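J.: The following block contains the structure, expressed as structure tokens.
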Amino acid sequence: MEQLIQCVVAFVGCFGFTFIFRIHKNIAFSFLGSVIGAIGWIIYLYMGFLNNQFAQNFIAMLCVSILSEILARLFYAPATIFIMIGFFPLVPGSGIYYTMLYAVQGQYELFIQSFLSTLGIGMSLALAILVSSTLFQVYKRIKTNDFVSIK
């Protein structure tokens, strides 16, 4: 039951986030991006058996970005719209907060530990987006036979 509540809250949070970026004018993009965000959070929760935050975030963000790329091609829209909405629940907000708190309080050991953890999560999110975007670019080139041949 707790996971269901978390997924509903992830959807509502993503949908509210669309108002900041003014995507709410196209309600279909807002709704679909929010659904992608909720799916990403479900995947993050179910990958908990890995006991590795970096792997959990990478796998969840990879799924979010792949779904975003698919929807971008279906609706002839930039994938960034769906990615920005969908990755909202995966952003390490508490890690950023605690990193700054420890820095201000002068707790440098906790600051370094929190900073490196937050940086690692951010890098795993960015790497997942890079991987999915690259895969779709390669697929597009294969599909259109747009290769650079070496002669």
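Ligands are numbered from 1 in the order shown, chains are lettered A, B, ... in the order of the structure tokens, and residues start at 1 in each chain.
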As number ranges by chain, please: the residues near stretch 109-119 of chain A (cut-off 9 Å, only C-alpha atoms, same-chain neighbours under 2 positions excluded).

T.: A: 53-54, 92-96, 98-103, 106-107, 121-124

J.: Convert the current residue selection to file output with C-alpha atoms, as an mmCIF file, in the first residue's frame.

T.:
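Saved result, part_34.cif, follows:
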data_model
loop_
_atom_site.group_PDB
_atom_site.id
_atom_site.type_symbol
_atom_site.label_atom_id
_atom_site.label_comp_id
_atom_site.auth_asym_id
_atom_site.auth_seq_id
_atom_site.Cartn_x
_atom_site.Cartn_y
_atom_site.Cartn_z
ATOM 1 C CA GLN A 53 21.338 3.533 -5.177
ATOM 2 C CA PHE A 54 23.398 4.213 -8.266
ATOM 3 C CA PRO A 92 18.355 13.477 -5.312
ATOM 4 C CA GLY A 93 16.781 16.497 -3.624
ATOM 5 C CA SER A 94 17.384 15.340 -0.084
ATOM 6 C CA GLY A 95 21.004 14.564 -0.939
ATOM 7 C CA ILE A 96 21.490 18.096 -2.254
ATOM 8 C CA TYR A 98 21.931 17.532 3.279
ATOM 9 C CA THR A 99 25.106 18.260 1.332
ATOM 10 C CA MET A 100 24.529 21.982 1.730
ATOM 11 C CA LEU A 101 23.451 21.584 5.357
ATOM 12 C CA TYR A 102 26.637 19.726 6.262
ATOM 13 C CA ALA A 103 28.742 22.291 4.404
ATOM 14 C CA GLY A 106 31.069 22.629 9.053
ATOM 15 C CA GLN A 107 30.611 18.855 9.211
ATOM 16 C CA ILE A 121 23.347 9.637 -8.359
ATOM 17 C CA GLY A 122 23.342 12.662 -10.640
ATOM 18 C CA MET A 123 25.958 11.070 -12.854
ATOM 19 C CA SER A 124 24.004 7.812 -13.044
#

J.: Identify which of the residues A:Gln3, A:Asn52, A:Asn57, A:Ser65 lies closest to A:Gly33, counting only C-alpha atoms when measuring atom-to-atom distances.

T.: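 Among the listed residues, the smallest separation from A:Gly33 belongs to A:Ser65.
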
J.: Env of A:Ala126: 12 Å cut, atoms = only C-alpha atoms, seq-sep filter 5 positions within chain, self excluded. Answer as a ChimeraX atom specification.

T.: /A:54,57-62,64-65,83-84,87,90-91,119-121,131-133

J.: Could the residues in this selection be written to a file with all heavy atoms, as a compact mmCIF listing (two decimals), in the first residue's frame?

T.:
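As a result, out_8.txt now contains:
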# COMPACT_ATOMS: atom_id res chain seq x y z
N PHE A 54 22.96 3.80 -6.93
CA PHE A 54 23.40 4.21 -8.27
C PHE A 54 22.78 3.33 -9.34
O PHE A 54 22.31 3.81 -10.37
CB PHE A 54 24.93 4.20 -8.36
CG PHE A 54 25.58 4.98 -7.26
CD1 PHE A 54 26.46 4.37 -6.39
CD2 PHE A 54 25.31 6.33 -7.08
CE1 PHE A 54 27.06 5.08 -5.37
CE2 PHE A 54 25.90 7.05 -6.06
CZ PHE A 54 26.77 6.42 -5.20
N ASN A 57 18.94 4.04 -9.56
CA ASN A 57 18.67 5.28 -10.30
C ASN A 57 18.98 5.13 -11.77
O ASN A 57 18.24 5.64 -12.62
CB ASN A 57 19.47 6.44 -9.69
CG ASN A 57 18.82 7.00 -8.47
OD1 ASN A 57 17.75 7.61 -8.57
ND2 ASN A 57 19.42 6.80 -7.32
N PHE A 58 20.07 4.43 -12.10
CA PHE A 58 20.43 4.25 -13.50
C PHE A 58 19.35 3.47 -14.23
O PHE A 58 18.91 3.87 -15.32
CB PHE A 58 21.78 3.53 -13.62
CG PHE A 58 22.16 3.25 -15.04
CD1 PHE A 58 22.71 4.25 -15.82
CD2 PHE A 58 21.96 2.01 -15.60
CE1 PHE A 58 23.06 4.01 -17.15
CE2 PHE A 58 22.31 1.75 -16.92
CZ PHE A 58 22.86 2.76 -17.69
N ILE A 59 18.91 2.35 -13.67
CA ILE A 59 17.91 1.52 -14.33
C ILE A 59 16.58 2.26 -14.46
O ILE A 59 15.95 2.24 -15.52
CB ILE A 59 17.74 0.18 -13.59
CG1 ILE A 59 19.01 -0.65 -13.72
CG2 ILE A 59 16.54 -0.60 -14.11
CD1 ILE A 59 19.07 -1.86 -12.81
N ALA A 60 16.17 2.93 -13.39
CA ALA A 60 14.90 3.68 -13.43
C ALA A 60 14.97 4.81 -14.46
O ALA A 60 14.05 5.01 -15.25
CB ALA A 60 14.56 4.23 -12.05
N MET A 61 16.09 5.54 -14.48
CA MET A 61 16.21 6.64 -15.42
C MET A 61 16.37 6.14 -16.84
O MET A 61 15.89 6.79 -17.78
CB MET A 61 17.41 7.51 -15.04
CG MET A 61 17.48 8.80 -15.81
SD MET A 61 16.05 9.82 -15.46
CE MET A 61 15.81 10.59 -17.03
N LEU A 62 16.99 4.99 -17.02
CA LEU A 62 17.09 4.42 -18.36
C LEU A 62 15.69 4.10 -18.90
O LEU A 62 15.38 4.41 -20.06
CB LEU A 62 17.96 3.16 -18.33
CG LEU A 62 18.29 2.53 -19.67
CD1 LEU A 62 19.11 3.49 -20.53
CD2 LEU A 62 19.05 1.23 -19.48
N VAL A 64 12.88 5.53 -17.91
CA VAL A 64 12.20 6.82 -18.12
C VAL A 64 12.64 7.44 -19.43
O VAL A 64 11.82 7.91 -20.22
CB VAL A 64 12.48 7.78 -16.93
CG1 VAL A 64 12.12 9.21 -17.27
CG2 VAL A 64 11.73 7.34 -15.69
N SER A 65 13.93 7.44 -19.69
CA SER A 65 14.40 8.09 -20.91
C SER A 65 14.05 7.30 -22.17
O SER A 65 13.78 7.89 -23.22
CB SER A 65 15.91 8.37 -20.83
OG SER A 65 16.62 7.20 -20.59
N ILE A 83 11.41 13.77 -20.61
CA ILE A 83 12.50 13.46 -19.68
C ILE A 83 12.47 14.39 -18.48
O ILE A 83 12.60 13.96 -17.34
CB ILE A 83 13.86 13.50 -20.39
CG1 ILE A 83 13.99 12.34 -21.37
CG2 ILE A 83 15.00 13.47 -19.38
CD1 ILE A 83 15.22 12.38 -22.24
N MET A 84 12.28 15.68 -18.73
CA MET A 84 12.27 16.65 -17.63
C MET A 84 11.13 16.40 -16.66
O MET A 84 11.29 16.60 -15.46
CB MET A 84 12.17 18.08 -18.18
CG MET A 84 13.43 18.55 -18.84
SD MET A 84 14.82 18.64 -17.72
CE MET A 84 14.32 19.93 -16.63
N PHE A 87 11.87 12.58 -14.87
CA PHE A 87 12.97 12.32 -13.95
C PHE A 87 12.82 13.08 -12.63
O PHE A 87 13.62 12.91 -11.72
CB PHE A 87 14.32 12.60 -14.61
CG PHE A 87 14.89 13.98 -14.42
CD1 PHE A 87 16.12 14.13 -13.81
CD2 PHE A 87 14.22 15.09 -14.85
CE1 PHE A 87 16.67 15.39 -13.64
CE2 PHE A 87 14.76 16.35 -14.69
CZ PHE A 87 16.00 16.50 -14.08
N LEU A 90 13.17 11.15 -9.38
CA LEU A 90 14.47 10.51 -9.19
C LEU A 90 15.57 11.49 -8.79
O LEU A 90 16.67 11.08 -8.42
CB LEU A 90 14.89 9.78 -10.47
CG LEU A 90 13.94 8.68 -10.93
CD1 LEU A 90 14.36 8.16 -12.29
CD2 LEU A 90 13.85 7.57 -9.91
N VAL A 91 15.29 12.79 -8.86
CA VAL A 91 16.29 13.80 -8.51
C VAL A 91 16.65 13.67 -7.04
O VAL A 91 15.77 13.58 -6.19
CB VAL A 91 15.75 15.22 -8.81
CG1 VAL A 91 16.68 16.28 -8.28
CG2 VAL A 91 15.53 15.39 -10.29
N LEU A 119 26.49 13.33 -6.09
CA LEU A 119 27.15 13.45 -7.39
C LEU A 119 27.05 12.14 -8.17
O LEU A 119 26.78 12.14 -9.38
CB LEU A 119 28.61 13.85 -7.20
CG LEU A 119 29.41 14.08 -8.47
CD1 LEU A 119 28.89 15.29 -9.22
CD2 LEU A 119 30.88 14.25 -8.12
N GLY A 120 27.24 11.02 -7.49
CA GLY A 120 27.14 9.71 -8.15
C GLY A 120 25.74 9.44 -8.67
O GLY A 120 25.57 8.93 -9.78
N ILE A 121 24.73 9.81 -7.90
CA ILE A 121 23.35 9.64 -8.36
C ILE A 121 23.08 10.52 -9.57
O ILE A 121 22.49 10.07 -10.57
CB ILE A 121 22.36 9.92 -7.22
CG1 ILE A 121 22.46 8.83 -6.15
CG2 ILE A 121 20.93 10.01 -7.75
CD1 ILE A 121 21.70 9.14 -4.88
N VAL A 131 22.88 7.10 -22.57
CA VAL A 131 22.81 5.76 -23.17
C VAL A 131 21.55 5.63 -24.02
O VAL A 131 21.61 5.17 -25.17
CB VAL A 131 22.86 4.67 -22.08
CG1 VAL A 131 22.47 3.31 -22.63
CG2 VAL A 131 24.24 4.61 -21.46
N SER A 132 20.41 6.02 -23.49
CA SER A 132 19.17 5.86 -24.26
C SER A 132 19.16 6.77 -25.49
O SER A 132 18.72 6.35 -26.56
CB SER A 132 17.95 6.14 -23.39
OG SER A 132 17.87 7.51 -23.07
N SER A 133 19.64 7.99 -25.34
CA SER A 133 19.68 8.90 -26.49
C SER A 133 20.61 8.36 -27.58
O SER A 133 20.29 8.40 -28.76
CB SER A 133 20.16 10.28 -26.03
OG SER A 133 20.26 11.15 -27.12

J.: At a cut-off of 6 Å, can you tabulate as CSV every residue of stretch 37-135 of chain A near stretch 6-22 of chain A together with its closest atom pair and the distance in Å to one decimal, using only C-alpha atoms and ordering rows by chain then number?

T.:
residue,atom,partner,partner_atom,distance
A:Ala38,CA,A:Phe11,CA,5.0
A:Ile85,CA,A:Cys14,CA,5.7
A:Pro89,CA,A:Ala10,CA,6.0

J.: What would the file look like if the residues just selected were written as a PDB file, in the first residue's frame with N, CA and C atoms?

T.:
ATOM      1  N   ALA A  38       5.866   8.349 -12.741  1.00  0.00           N
ATOM      2  CA  ALA A  38       5.360   7.341 -11.805  1.00  0.00           C
ATOM      3  C   ALA A  38       5.922   5.958 -12.131  1.00  0.00           C
ATOM      4  N   ILE A  85       9.999  15.983 -17.162  1.00  0.00           N
ATOM      5  CA  ILE A  85       8.881  15.674 -16.271  1.00  0.00           C
ATOM      6  C   ILE A  85       9.129  14.336 -15.583  1.00  0.00           C
ATOM      7  N   PRO A  89      10.885  12.629  -9.943  1.00  0.00           N
ATOM      8  CA  PRO A  89      10.940  11.854  -8.692  1.00  0.00           C
ATOM      9  C   PRO A  89      12.314  11.255  -8.384  1.00  0.00           C
TER      10      PRO A  89
END

J.: In Å, with one decimal, what is the gap from atom CA of A:Cys63 to atom CA of A:Ile39?

T.: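 The value is 8.4 Å.
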
J.: Could you check how far atom CA of A:Phe75 sits from atom CA of A:Asn26, in Å to one decimal?

T.: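 Between atom CA of A:Phe75 and atom CA of A:Asn26 the gap is 11.5 Å.
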
J.: Please give the complete set of residues from chain A that DSSP, run on the backbone, assigns to alpha helix (DSSP H), formatted as a ChimeraX atom specification.

T.: /A:2-20,27-46,53-75,79-86,93-105,108-144

J.: Could you work out how far atom CA of A:Glu2 lies from atom CA of A:Leu67, giving the answer in Å with one decimal?

T.: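 The value is 24.8 Å.
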
J.: A:Thr134: which residues within 12 Å, counting only C-alpha atoms, same-chain residues fewer than 6 positions away excluded, as a list in words?

T.: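 In the requested form, the answer reads Leu62, Ser65, Ile66, Glu69, Leu127, Ala128, Lys140 and Arg141 of chain A.
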
J.: Using only all heavy atoms, please write the residues we just selected to a file, as a PDB file, in the first residue's frame.

T.:
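After the write, selection32.pdb holds the following:
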ATOM      1  N   LEU A  62      16.989   4.994 -17.023  1.00  0.00           N
ATOM      2  CA  LEU A  62      17.088   4.417 -18.358  1.00  0.00           C
ATOM      3  C   LEU A  62      15.695   4.100 -18.900  1.00  0.00           C
ATOM      4  O   LEU A  62      15.385   4.407 -20.059  1.00  0.00           O
ATOM      5  CB  LEU A  62      17.962   3.162 -18.334  1.00  0.00           C
ATOM      6  CG  LEU A  62      18.290   2.526 -19.675  1.00  0.00           C
ATOM      7  CD1 LEU A  62      19.110   3.490 -20.527  1.00  0.00           C
ATOM      8  CD2 LEU A  62      19.046   1.227 -19.477  1.00  0.00           C
ATOM      9  N   SER A  65      13.935   7.438 -19.693  1.00  0.00           N
ATOM     10  CA  SER A  65      14.405   8.091 -20.913  1.00  0.00           C
ATOM     11  C   SER A  65      14.055   7.298 -22.169  1.00  0.00           C
ATOM     12  O   SER A  65      13.783   7.888 -23.219  1.00  0.00           O
ATOM     13  CB  SER A  65      15.908   8.368 -20.828  1.00  0.00           C
ATOM     14  OG  SER A  65      16.621   7.198 -20.594  1.00  0.00           O
ATOM     15  N   ILE A  66      14.027   5.976 -22.085  1.00  0.00           N
ATOM     16  CA  ILE A  66      13.595   5.181 -23.241  1.00  0.00           C
ATOM     17  C   ILE A  66      12.125   5.442 -23.538  1.00  0.00           C
ATOM     18  O   ILE A  66      11.738   5.653 -24.701  1.00  0.00           O
ATOM     19  CB  ILE A  66      13.879   3.684 -23.018  1.00  0.00           C
ATOM     20  CG1 ILE A  66      15.381   3.408 -23.128  1.00  0.00           C
ATOM     21  CG2 ILE A  66      13.111   2.816 -24.004  1.00  0.00           C
ATOM     22  CD1 ILE A  66      15.787   2.018 -22.736  1.00  0.00           C
ATOM     23  N   GLU A  69      11.842   8.846 -25.125  1.00  0.00           N
ATOM     24  CA  GLU A  69      12.247   8.837 -26.534  1.00  0.00           C
ATOM     25  C   GLU A  69      11.147   8.239 -27.419  1.00  0.00           C
ATOM     26  O   GLU A  69      10.884   8.734 -28.520  1.00  0.00           O
ATOM     27  CB  GLU A  69      13.546   8.052 -26.717  1.00  0.00           C
ATOM     28  CG  GLU A  69      14.759   8.683 -26.090  1.00  0.00           C
ATOM     29  CD  GLU A  69      15.347   9.822 -26.891  1.00  0.00           C
ATOM     30  OE1 GLU A  69      14.957  10.028 -28.060  1.00  0.00           O
ATOM     31  OE2 GLU A  69      16.217  10.510 -26.348  1.00  0.00           O
ATOM     32  N   LEU A 127      24.065   9.532 -17.177  1.00  0.00           N
ATOM     33  CA  LEU A 127      24.553   8.426 -18.001  1.00  0.00           C
ATOM     34  C   LEU A 127      23.398   7.648 -18.616  1.00  0.00           C
ATOM     35  O   LEU A 127      23.470   7.235 -19.783  1.00  0.00           O
ATOM     36  CB  LEU A 127      25.441   7.497 -17.170  1.00  0.00           C
ATOM     37  CG  LEU A 127      26.072   6.328 -17.912  1.00  0.00           C
ATOM     38  CD1 LEU A 127      27.027   6.828 -18.989  1.00  0.00           C
ATOM     39  CD2 LEU A 127      26.803   5.421 -16.934  1.00  0.00           C
ATOM     40  N   ALA A 128      22.326   7.462 -17.871  1.00  0.00           N
ATOM     41  CA  ALA A 128      21.163   6.746 -18.403  1.00  0.00           C
ATOM     42  C   ALA A 128      20.543   7.511 -19.567  1.00  0.00           C
ATOM     43  O   ALA A 128      20.164   6.912 -20.584  1.00  0.00           O
ATOM     44  CB  ALA A 128      20.137   6.516 -17.298  1.00  0.00           C
ATOM     45  N   LYS A 140      18.199   5.096 -35.329  1.00  0.00           N
ATOM     46  CA  LYS A 140      17.729   5.967 -36.420  1.00  0.00           C
ATOM     47  C   LYS A 140      18.664   5.884 -37.621  1.00  0.00           C
ATOM     48  O   LYS A 140      18.208   5.802 -38.760  1.00  0.00           O
ATOM     49  CB  LYS A 140      17.637   7.409 -35.914  1.00  0.00           C
ATOM     50  CG  LYS A 140      17.177   8.388 -36.938  1.00  0.00           C
ATOM     51  CD  LYS A 140      17.137   9.786 -36.344  1.00  0.00           C
ATOM     52  CE  LYS A 140      16.799  10.818 -37.384  1.00  0.00           C
ATOM     53  NZ  LYS A 140      16.838  12.179 -36.833  1.00  0.00           N
ATOM     54  N   ARG A 141      19.967   5.855 -37.358  1.00  0.00           N
ATOM     55  CA  ARG A 141      20.923   5.768 -38.469  1.00  0.00           C
ATOM     56  C   ARG A 141      20.875   4.413 -39.153  1.00  0.00           C
ATOM     57  O   ARG A 141      21.019   4.317 -40.368  1.00  0.00           O
ATOM     58  CB  ARG A 141      22.323   6.064 -37.987  1.00  0.00           C
ATOM     59  CG  ARG A 141      22.494   7.514 -37.682  1.00  0.00           C
ATOM     60  CD  ARG A 141      23.905   7.857 -37.459  1.00  0.00           C
ATOM     61  NE  ARG A 141      23.973   9.268 -37.163  1.00  0.00           N
ATOM     62  CZ  ARG A 141      25.014   9.999 -37.402  1.00  0.00           C
ATOM     63  NH1 ARG A 141      26.088   9.463 -37.924  1.00  0.00           N
ATOM     64  NH2 ARG A 141      25.012  11.276 -37.114  1.00  0.00           N
TER      65      ARG A 141
END

J.: From the options A:Ile70, A:Leu50, A:Ile42, A:Ile23, which residue's atoms come nearest to A:Phe136, counting only C-alpha atoms?

T.: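 Closest to A:Phe136 of all the choices is A:Ile70.
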